[in-house]
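K.L.:
First the structure, then my questions, so here it is.
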Amino acid sequence: MESNKRTGFSLIELLVVIALLGIVLAIAVPAMGNYLANCRLESACLQLQQEIRSAGQDALVNESVNYRVNFYRASEKYRVVDQLRPAAYHEVVMPGGVDLVLTNFQYDVLRFSARGAPTAGGHISLNSRQSGKYMYVIVAPVTGRTRISDAPPTGRD
C-alpha cells in the first residue's frame with residue numbers, strides 16, 4: 001500500500017506568506033528608520049555633552065579662561081578651542097541627518113572660567129531631519145552641569 005499523497009506547500013499558501021511578510025516589512029522599515037535617526041540624534045547630544053564637560057575640566061586643570069566651544073550652525077559643526085593653542089582645536093561635525101539648530105550663547109560661543117564653569121548658562125538645540133525630533137543640551141550657569149532633555153528648556157534652566 002503505497003500512498004500517493006504529496007507533501008509541501010501550494011502556490012497559494014506561499015503567496016499568502018509572502019504577502020504577510022511584505023505587510024510586516026512595510027510597517028517595520030519606516031519605524032526602524034526613525035529609531036536609527038533618533039539614535040544618531042541622541043549620540044550627537046551625548047558627544048556634545050561630553051565635549052563641554054571636557055572643555056570645562058581642561059579650563060579647571062589649567063586654571064585658564066582660554067577654553068571655549070565655538071558653534072557653527074551653517075556648517076553643522078562645533079570646535080573645542082584653547083585660545084593659547086588655536087591650532088590644536090578639536091572639531092566635531094554633526095552626524096548625517098542631525099542639524100545644529102540653535103544656541104543661545106552670545107556669538108554662538110560657550111566660554112569657561114578658570115574654575116571650569118561656563119561664563120553663562122544656555123542650551124544647544126539639535127534636530128533629526130528624518131524623525132523631526134528635537135533634543136537639547138542644557139548647560140547650567142555657575143555649576144556648569146550639563147544635561148540632555150527632550151523638552152525645551154524653561155526660563156529657569
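Every chain in the C-alpha cells has a letter given in the order shown (A, B, ...), and although residue numbers restart at 1 in each chain, ligands are simply numbered from 1 in the order shown.
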Set the distance at 7 Å and use only C-alpha atoms: which residues neighbour range 123-130 of chain A once local chain neighbours fewer than 5 positions away are removed? I'd like the list as a list of chain:residue names.
P.N.:
A:Asn34, A:Ala37, A:Asn38, A:Leu41, A:Gly97, A:Val98, A:Asp99, A:Leu100, A:Val101, A:Leu102, A:Thr103, A:Asn104, A:Met135, A:Tyr136, A:Val137, A:Ile138, A:Val139
K.L.:
Mind dumping the selected residues with C-alpha atoms as a PDB file, in the first residue's frame?
P.N.:
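Output contents, as saved in selection_30.pdb:
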ATOM      1  CA  ASN A  34      13.085  56.727  12.720  1.00  0.00           C
ATOM      2  CA  ALA A  37      17.667  58.592  13.256  1.00  0.00           C
ATOM      3  CA  ASN A  38      16.773  59.159  16.909  1.00  0.00           C
ATOM      4  CA  LEU A  41      20.485  62.393  17.464  1.00  0.00           C
ATOM      5  CA  GLY A  97      20.719  63.807   9.365  1.00  0.00           C
ATOM      6  CA  VAL A  98      21.385  65.760  12.581  1.00  0.00           C
ATOM      7  CA  ASP A  99      21.157  69.560  12.458  1.00  0.00           C
ATOM      8  CA  LEU A 100      22.747  72.027  14.857  1.00  0.00           C
ATOM      9  CA  VAL A 101      19.711  74.285  15.037  1.00  0.00           C
ATOM     10  CA  LEU A 102      20.293  76.897  17.709  1.00  0.00           C
ATOM     11  CA  THR A 103      22.448  78.046  20.587  1.00  0.00           C
ATOM     12  CA  ASN A 104      21.605  80.890  22.895  1.00  0.00           C
ATOM     13  CA  MET A 135      16.822  67.360  21.741  1.00  0.00           C
ATOM     14  CA  TYR A 136      18.533  69.940  23.916  1.00  0.00           C
ATOM     15  CA  VAL A 137      21.897  70.029  25.662  1.00  0.00           C
ATOM     16  CA  ILE A 138      21.366  72.364  28.598  1.00  0.00           C
ATOM     17  CA  VAL A 139      24.318  73.999  30.379  1.00  0.00           C
TER      18      VAL A 139
END
K.L.:
Give me, as a list in words, the residues of range 44-98 of chain A that a backbone DSSP run labels helix (DSSP H, G or I).
P.N.:
Ala44, Cys45, Leu46, Gln47, Leu48, Gln49, Gln50, Glu51, Ile52, Arg53, Ser54, Ala55, Gly56, Gln57, Asp58, Ala59, Leu60, Val61, Asn62, Pro86, Ala87 and Ala88 of chain A
K.L.:
Between A:Gln106, A:Thr154, A:Ser149, A:Ser10, which one has atoms that come closest to Leu46 in chain A, using only C-alpha atoms?
P.N.:
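So, comparing all the options, the nearest one is A:Ser149.
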K.L.:
Could you write out, as a PyMOL selection string, all the residues of range 36-132 of chain A that DSSP marks as strand (DSSP E or B)?
P.N.:
chain A and resi 67-72+77-82+90-93+98-103+109-112+118+122-128
K.L.:
Fewer than 6 positions away in the same chain doesn't count, so skip those; otherwise give me all residues within 10 Å of Asp58 in chain A, counting only C-alpha atoms, as a list in words.
P.N.:
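Once the nearby chain positions are removed, what remains is Ile52, Ser64, Val65, Asn66, Tyr67, Asp82, Phe112, Ala114, Arg115 and Gly116 of chain A.
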K.L.:
Find the residues near Phe105 in chain A: any atom within 9 Å, counting only C-alpha atoms, skip ones fewer than 5 places away on the same chain, and give them as a list of chain:residue names.
P.N.:
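My list of contacting residues is A:Leu110, A:Arg111, A:Ala120, A:Gly121, A:Gly122, A:His123, A:Ile124.
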K.L.:
Based on the selection just made, write N, CA and C atoms of those residues as a PDB file, in the first residue's frame.
P.N.:
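Result saved to again-v6.pdb:
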ATOM      1  N   LEU A 110      30.555  79.234  23.705  1.00  0.00           N
ATOM      2  CA  LEU A 110      30.467  78.880  25.119  1.00  0.00           C
ATOM      3  C   LEU A 110      31.869  79.020  25.711  1.00  0.00           C
ATOM      4  N   ARG A 111      32.029  79.966  26.647  1.00  0.00           N
ATOM      5  CA  ARG A 111      33.315  80.234  27.268  1.00  0.00           C
ATOM      6  C   ARG A 111      33.330  79.669  28.697  1.00  0.00           C
ATOM      7  N   ALA A 120      28.434  81.699  31.148  1.00  0.00           N
ATOM      8  CA  ALA A 120      26.986  81.920  31.059  1.00  0.00           C
ATOM      9  C   ALA A 120      26.312  80.580  30.786  1.00  0.00           C
ATOM     10  N   GLY A 121      25.109  80.422  31.303  1.00  0.00           N
ATOM     11  CA  GLY A 121      24.346  79.221  31.019  1.00  0.00           C
ATOM     12  C   GLY A 121      23.629  79.369  29.688  1.00  0.00           C
ATOM     13  N   GLY A 122      23.108  78.266  29.204  1.00  0.00           N
ATOM     14  CA  GLY A 122      22.377  78.303  27.943  1.00  0.00           C
ATOM     15  C   GLY A 122      22.057  76.905  27.464  1.00  0.00           C
ATOM     16  N   HIS A 123      21.704  76.807  26.194  1.00  0.00           N
ATOM     17  CA  HIS A 123      21.392  75.494  25.640  1.00  0.00           C
ATOM     18  C   HIS A 123      21.724  75.438  24.156  1.00  0.00           C
ATOM     19  N   ILE A 124      21.847  74.224  23.673  1.00  0.00           N
ATOM     20  CA  ILE A 124      22.088  73.944  22.265  1.00  0.00           C
ATOM     21  C   ILE A 124      20.955  73.040  21.798  1.00  0.00           C
TER      22      ILE A 124
END
K.L.:
Hey, which of A:Ala44, A:Ala88, A:Cys39, A:Val109 ends up closest to Phe71 in chain A? Count only C-alpha atoms.
P.N.:
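The closest residue to Phe71 in chain A is A:Val109.
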K.L.:
What is the CA of Leu60 in chain A-CA of Ala87 in chain A distance in Å, reported with one decimal?
P.N.:
20.6 Å
K.L.:
Considering only C-alpha atoms, can you say which of A:Arg85, A:Val80, A:Gly132, A:Asn62 comes closest to Gln50 in chain A?
P.N.:
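Nearest to Gln50 in chain A: A:Val80.
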K.L.:
Applying 6 Å and only C-alpha atoms, which residues near Tyr78 in chain A remain after dropping the ones on its own chain fewer than 2 positions away? List them as a VMD selection string.
P.N.:
chain A and resid 70 to 72 91 to 92
K.L.:
Taking N, CA and C atoms for each residue, export the selection above as a PDB file, in the first residue's frame.
P.N.:
ATOM      1  N   ASN A  70      33.108  76.740  20.158  1.00  0.00           N
ATOM      2  CA  ASN A  70      32.522  77.567  19.100  1.00  0.00           C
ATOM      3  C   ASN A  70      31.549  76.720  18.296  1.00  0.00           C
ATOM      4  N   PHE A  71      30.343  77.230  18.096  1.00  0.00           N
ATOM      5  CA  PHE A  71      29.316  76.521  17.331  1.00  0.00           C
ATOM      6  C   PHE A  71      29.151  77.176  15.967  1.00  0.00           C
ATOM      7  N   TYR A  72      29.147  76.354  14.928  1.00  0.00           N
ATOM      8  CA  TYR A  72      28.978  76.824  13.550  1.00  0.00           C
ATOM      9  C   TYR A  72      27.715  76.176  12.992  1.00  0.00           C
ATOM     10  N   GLU A  91      37.606  69.488  16.379  1.00  0.00           N
ATOM     11  CA  GLU A  91      36.394  69.807  15.625  1.00  0.00           C
ATOM     12  C   GLU A  91      35.502  68.581  15.496  1.00  0.00           C
ATOM     13  N   VAL A  92      34.209  68.778  15.686  1.00  0.00           N
ATOM     14  CA  VAL A  92      33.242  67.695  15.573  1.00  0.00           C
ATOM     15  C   VAL A  92      32.152  68.117  14.595  1.00  0.00           C
TER      16      VAL A  92
END
K.L.:
Using Å and a single decimal, report how far CA of Ser131 in chain A sits from CA of Tyr35 in chain A.
P.N.:
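Atom-to-atom, CA of Tyr35 in chain A to CA of Ser131 in chain A, that is 8.2 Å.
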